[in-house]
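Below is one structure, written out as structure tokens; comments come after it.
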Amino acid sequence: MKILITGATGLVGTEIVKLYLAKNYTVHYLTTRKTKIVTQNNYKGFYWNPIDGEVDVNCLNGINAIINLAGTTVSKKWTPKHKVEIRNSRIESVRLLYQLLSENTHEVTHFCSASALGLYPSSLTKQYDETEIETNSSFLGKVVNEWEQEVDRINDLNITVSKLRIGIVLSKNNGSLPQMIKPVKLGFGAAISKGNQFQSWIHIADLTQLFLFVVNKNLEGSYNAVASNPITNLVMTKEIAKQLKKPLWLPNIPNFIMKLMLGEMSTLVLESQYLRNDKIKDKGFVFEFDSIEKALQNCLN
């Protein structure tokens with residue numbers, strides 16, 4: 001099998017590439033930086049610029065499936081300029097891929113795209129599965145909603161489309177976890193707000209395997225890419241402190257402090273989304289790290 005990956009040099013993309021190469025797949029990837037293009041027997045880079053609508057059509061040669069991970073980080077300060085980048089890096093990239101597939105001969109049968117839990121409204125009581133029709137009215141919720149609508153257009157090309165609504169990714173190398181660990185390591189760890197907001201999470205190894213599973217099984221539709229046991233912010237903070245053998249002595253950080261520090265971006269830590277993963281488990285996927293204790297042990301030790 002030959003796979004084309006966008007966002008191949010990001011946190012998730014890097015691990016997916018490793019997994020595919022270990023299984024002797026051929027990987028093509030698209031990059032906006034010509035300096036990151038390498039050409040090896042089973043690993044080849046191709047240039048694209050979604051904002052300018054430029055893409056090397058040779059990236060499609062022999063490709064059976066596409067994994068779309070393109071999108072600039074949401075963890076950088078949400079200035080007006082960066083908010084435009086957050087949206088455009090997701091929407092314009094999918095539009096360009098649609099154009100690429102609709103205007104060129106290819107062998108692509110599956111398109112699997114990243115999505116995000118931010119699609120779901122914030123709730124302290126509700127549990128969300130993929131049948132939920134209400135969407136989050138926040139900036140990020142609107143972006144994810146528009147992102148998924150663009151991905152769904154690829155169904156019109158007679159290509160199987162799947163979307164993975166990814167939770168908080170736990171990885172020892174990058175992403176959210178190092179930021180959560182830092183204050184705890186320094187002895188200043190504390191829960192945020194009341195600490196009762198739910199955080200749906202997934203270990204990077206499970207997420208990587210999940211993309212492989214969905215593509216290989218040619219699964220269609222949306223799937224919550226989260227472990228079976230979402231936990232509150234307070235429990236997450238306590239578990240991190242437990243693994244690091246650090247005390248928690250500070251009071252919770254009030255809402256207004258987070259809003260002063262982060263502005264609109266504070267929704268990332270203040271909102272609550274409890275996602276269920278029954279749908280993907282019913283398809284036969286087995287999570288290796290389904291408890292937060294096991295996941296953190298692996299990441300931190």
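Just so we're on the same page: first chain in the structure tokens is A, next is B, and so on; residues restart at 1 for each chain, and ligands are numbered from 1 in the order they show up.
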
Q. Using only C-alpha atoms, which residues sit within 8 Å of Leu170 of chain A once same-chain residues fewer than 4 positions away are excluded, as a list in words?
A. Gly175, Ser176, Leu177, Trp201, Ile202, His203, Ile204, Ala295, Leu296 and Cys299 of chain A

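Shell of segment 33-40 of chain A at 9 Å, with only C-alpha atoms counted and residues fewer than 5 places along the chain excluded, is Thr9, Gly45, Phe46, Tyr47, Trp48 and Asn49 of chain A.
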
Can I get the selection written as a PDB file, in the first residue's frame, with N, CA and C atoms?
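Output file result_23.pdb is given in full below:
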ATOM      1  N   THR A   9       5.189  15.947   9.331  1.00  0.00           N
ATOM      2  CA  THR A   9       6.288  16.288  10.242  1.00  0.00           C
ATOM      3  C   THR A   9       5.792  16.784  11.598  1.00  0.00           C
ATOM      4  N   GLY A  45       9.066  13.165  -0.452  1.00  0.00           N
ATOM      5  CA  GLY A  45       8.383  14.408  -0.157  1.00  0.00           C
ATOM      6  C   GLY A  45       8.026  15.179  -1.412  1.00  0.00           C
ATOM      7  N   PHE A  46       6.938  15.942  -1.335  1.00  0.00           N
ATOM      8  CA  PHE A  46       6.472  16.750  -2.464  1.00  0.00           C
ATOM      9  C   PHE A  46       6.014  18.100  -1.930  1.00  0.00           C
ATOM     10  N   TYR A  47       6.248  19.119  -2.706  1.00  0.00           N
ATOM     11  CA  TYR A  47       5.928  20.484  -2.269  1.00  0.00           C
ATOM     12  C   TYR A  47       4.465  20.816  -2.524  1.00  0.00           C
ATOM     13  N   TRP A  48       3.880  21.560  -1.569  1.00  0.00           N
ATOM     14  CA  TRP A  48       2.575  22.152  -1.816  1.00  0.00           C
ATOM     15  C   TRP A  48       2.445  23.449  -1.040  1.00  0.00           C
ATOM     16  N   ASN A  49       1.543  24.288  -1.486  1.00  0.00           N
ATOM     17  CA  ASN A  49       1.233  25.556  -0.812  1.00  0.00           C
ATOM     18  C   ASN A  49      -0.273  25.764  -0.911  1.00  0.00           C
TER      19      ASN A  49
END

Q: Apply DSSP to the structure's backbone, then extract all residues of segment 150-229 of chain A labelled strand (DSSP E) and return them as a ChimeraX atom specification.
A: /A:160-166,168-170,198-199,201-203,221-225

Residue selection dump (N, CA and C atoms) as a compact mmCIF listing (two decimals), in the first residue's frame:
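This went into selection-v5.txt:
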# COMPACT_ATOMS: atom_id res chain seq x y z
N THR A 160 -13.96 6.76 -0.22
CA THR A 160 -14.40 6.54 1.16
C THR A 160 -13.76 7.60 2.05
N VAL A 161 -14.59 8.26 2.87
CA VAL A 161 -14.09 9.34 3.74
C VAL A 161 -14.30 8.96 5.20
N SER A 162 -13.26 9.15 5.99
CA SER A 162 -13.35 8.96 7.44
C SER A 162 -12.75 10.16 8.15
N LYS A 163 -13.25 10.44 9.35
CA LYS A 163 -12.77 11.58 10.14
C LYS A 163 -12.54 11.11 11.57
N LEU A 164 -11.38 11.42 12.12
CA LEU A 164 -11.05 11.07 13.49
C LEU A 164 -11.07 12.32 14.35
N ARG A 165 -12.03 12.39 15.26
CA ARG A 165 -12.17 13.55 16.15
C ARG A 165 -11.26 13.33 17.36
N ILE A 166 -10.09 13.94 17.27
CA ILE A 166 -9.00 13.64 18.19
C ILE A 166 -9.12 14.42 19.49
N ILE A 168 -7.25 15.09 23.51
CA ILE A 168 -5.94 15.57 23.96
C ILE A 168 -4.92 14.44 23.77
N VAL A 169 -3.90 14.70 22.97
CA VAL A 169 -2.91 13.66 22.66
C VAL A 169 -1.81 13.66 23.71
N LEU A 170 -1.61 12.51 24.34
CA LEU A 170 -0.57 12.36 25.35
C LEU A 170 0.68 11.75 24.72
N PHE A 198 -14.32 17.94 31.89
CA PHE A 198 -13.82 16.67 31.39
C PHE A 198 -12.80 16.87 30.28
N GLN A 199 -11.76 16.03 30.30
CA GLN A 199 -10.73 16.04 29.27
C GLN A 199 -10.68 14.65 28.64
N TRP A 201 -8.94 12.18 26.26
CA TRP A 201 -7.53 12.08 25.89
C TRP A 201 -7.27 10.79 25.12
N ILE A 202 -6.10 10.70 24.50
CA ILE A 202 -5.67 9.49 23.82
C ILE A 202 -4.14 9.44 23.80
N HIS A 203 -3.59 8.27 24.04
CA HIS A 203 -2.13 8.09 23.97
C HIS A 203 -1.71 8.12 22.51
N GLY A 221 -16.96 7.33 7.78
CA GLY A 221 -17.68 8.11 8.77
C GLY A 221 -16.80 8.72 9.83
N SER A 222 -17.43 9.25 10.88
CA SER A 222 -16.72 9.93 11.96
C SER A 222 -16.49 8.99 13.13
N TYR A 223 -15.33 9.15 13.79
CA TYR A 223 -14.99 8.33 14.95
C TYR A 223 -14.33 9.22 16.00
N ASN A 224 -14.76 9.06 17.25
CA ASN A 224 -14.11 9.77 18.35
C ASN A 224 -12.80 9.07 18.67
N ALA A 225 -11.70 9.78 18.46
CA ALA A 225 -10.37 9.21 18.69
C ALA A 225 -9.92 9.56 20.10

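If you look at atom CA of Tyr274 of chain A and atom CA of Thr73 of chain A, they are 22.1 Å away from each other.
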
Q) If you run DSSP on the backbone, which residues of segment 55-290 of chain A are helix (DSSP H, G or I), as a VMD selection string? A) chain A and resid 57 to 60 80 to 103 117 to 119 139 to 157 176 to 185 204 to 216 233 to 244 255 to 270 278 to 282

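Computed from the coordinates, the atom CA of Asn58 of chain A to atom CA of Ser113 of chain A distance equals 20.6 Å.
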
Q: Name all residues at most 9 Å from segment 234-242 of chain A (count only C-alpha atoms; drop same-chain ones fewer than 5 positions away) and give them as an MDAnalysis selection string.
A: chainID A and resid 180:181 184:185 189:192 194:197 199 247:248 252 292:293 296 300

What does the file look like for those residues with N, CA and C atoms, as a PDB file, in the first residue's frame?
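Full text of result17.pdb as output:
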ATOM      1  N   MET A 180       1.451  20.483  30.471  1.00  0.00           N
ATOM      2  CA  MET A 180       0.757  20.154  31.717  1.00  0.00           C
ATOM      3  C   MET A 180       1.738  19.725  32.797  1.00  0.00           C
ATOM      4  N   ILE A 181       2.824  19.088  32.373  1.00  0.00           N
ATOM      5  CA  ILE A 181       3.824  18.577  33.308  1.00  0.00           C
ATOM      6  C   ILE A 181       4.649  19.699  33.939  1.00  0.00           C
ATOM      7  N   VAL A 184       3.795  21.260  37.348  1.00  0.00           N
ATOM      8  CA  VAL A 184       3.806  20.229  38.386  1.00  0.00           C
ATOM      9  C   VAL A 184       5.244  19.890  38.768  1.00  0.00           C
ATOM     10  N   LYS A 185       6.116  19.777  37.783  1.00  0.00           N
ATOM     11  CA  LYS A 185       7.533  19.502  38.028  1.00  0.00           C
ATOM     12  C   LYS A 185       8.165  20.583  38.884  1.00  0.00           C
ATOM     13  N   GLY A 189       1.941  22.949  40.478  1.00  0.00           N
ATOM     14  CA  GLY A 189       0.801  22.343  39.809  1.00  0.00           C
ATOM     15  C   GLY A 189      -0.503  22.684  40.501  1.00  0.00           C
ATOM     16  N   ALA A 190      -1.557  22.868  39.703  1.00  0.00           N
ATOM     17  CA  ALA A 190      -2.882  23.165  40.263  1.00  0.00           C
ATOM     18  C   ALA A 190      -3.940  22.892  39.208  1.00  0.00           C
ATOM     19  N   ALA A 191      -5.102  22.480  39.659  1.00  0.00           N
ATOM     20  CA  ALA A 191      -6.225  22.293  38.748  1.00  0.00           C
ATOM     21  C   ALA A 191      -6.704  23.645  38.240  1.00  0.00           C
ATOM     22  N   ILE A 192      -7.402  23.628  37.116  1.00  0.00           N
ATOM     23  CA  ILE A 192      -7.889  24.864  36.499  1.00  0.00           C
ATOM     24  C   ILE A 192      -9.386  24.999  36.739  1.00  0.00           C
ATOM     25  N   LYS A 194     -12.804  24.950  38.479  1.00  0.00           N
ATOM     26  CA  LYS A 194     -13.239  24.014  39.518  1.00  0.00           C
ATOM     27  C   LYS A 194     -12.596  22.638  39.348  1.00  0.00           C
ATOM     28  N   GLY A 195     -11.929  22.458  38.199  1.00  0.00           N
ATOM     29  CA  GLY A 195     -11.278  21.176  37.939  1.00  0.00           C
ATOM     30  C   GLY A 195     -12.234  20.084  37.530  1.00  0.00           C
ATOM     31  N   ASN A 196     -13.512  20.429  37.325  1.00  0.00           N
ATOM     32  CA  ASN A 196     -14.501  19.406  37.006  1.00  0.00           C
ATOM     33  C   ASN A 196     -14.793  19.289  35.517  1.00  0.00           C
ATOM     34  N   GLN A 197     -14.057  20.055  34.689  1.00  0.00           N
ATOM     35  CA  GLN A 197     -14.240  19.954  33.252  1.00  0.00           C
ATOM     36  C   GLN A 197     -13.583  18.672  32.735  1.00  0.00           C
ATOM     37  N   GLN A 199     -11.764  16.032  30.302  1.00  0.00           N
ATOM     38  CA  GLN A 199     -10.728  16.042  29.274  1.00  0.00           C
ATOM     39  C   GLN A 199     -10.680  14.653  28.641  1.00  0.00           C
ATOM     40  N   PRO A 247       4.063  17.093  45.118  1.00  0.00           N
ATOM     41  CA  PRO A 247       2.868  17.479  45.878  1.00  0.00           C
ATOM     42  C   PRO A 247       2.024  18.495  45.123  1.00  0.00           C
ATOM     43  N   LEU A 248       0.742  18.500  45.427  1.00  0.00           N
ATOM     44  CA  LEU A 248      -0.155  19.541  44.932  1.00  0.00           C
ATOM     45  C   LEU A 248      -0.649  20.318  46.147  1.00  0.00           C
ATOM     46  N   ASN A 252      -6.882  25.918  43.263  1.00  0.00           N
ATOM     47  CA  ASN A 252      -7.203  25.898  41.840  1.00  0.00           C
ATOM     48  C   ASN A 252      -7.015  27.287  41.215  1.00  0.00           C
ATOM     49  N   ILE A 292      -5.736   6.221  32.309  1.00  0.00           N
ATOM     50  CA  ILE A 292      -4.825   7.365  32.378  1.00  0.00           C
ATOM     51  C   ILE A 292      -3.554   7.000  33.134  1.00  0.00           C
ATOM     52  N   GLU A 293      -3.667   6.122  34.126  1.00  0.00           N
ATOM     53  CA  GLU A 293      -2.485   5.720  34.886  1.00  0.00           C
ATOM     54  C   GLU A 293      -1.467   5.022  33.997  1.00  0.00           C
ATOM     55  N   LEU A 296       0.041   7.574  31.402  1.00  0.00           N
ATOM     56  CA  LEU A 296       1.024   8.493  31.986  1.00  0.00           C
ATOM     57  C   LEU A 296       2.287   7.763  32.418  1.00  0.00           C
ATOM     58  N   LEU A 300       5.671   9.249  31.091  1.00  0.00           N
ATOM     59  CA  LEU A 300       6.503   9.967  32.058  1.00  0.00           C
ATOM     60  C   LEU A 300       7.646   9.127  32.605  1.00  0.00           C
TER      61      LEU A 300
END

Q.
as a PyMOL selection string, please: the residues near Ile86 of chain A (cut-off 12 Å, only C-alpha atoms, same-chain neighbours under 5 positions excluded).
A. chain A and resi 70-81+91-93+139-144+146-147

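Nearest-residue note for Val12 of chain A: choosing from A:Asn41, A:Asn24, A:Ser266, A:Asn173, the minimum distance belongs to A:Asn173, counting only C-alpha atoms.
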
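Across the model, the gap from atom CA of Leu262 of chain A to atom CA of Leu250 of chain A is 20.0 Å.
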
Q.
Taking 3 positions as the minimum chain separation for residues in the same chain, which residues sit within 12 Å of Gln209 of chain A when counting only C-alpha atoms? Answer as a VMD selection string.
A. chain A and resid 12 to 13 15 to 20 23 202 to 206 212 to 217 225 285 to 289

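Among the candidates A:Glu54, A:Asp129, A:Asp282, A:Glu103, the residue lying nearest to Leu219 of chain A is A:Asp282 (atoms considered: only C-alpha atoms).
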
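Closest approach to Leu244 of chain A from the set A:Gln297, A:Ser228, A:Asn104, A:Ser200 is made by A:Gln297, with distances taken over only C-alpha atoms.
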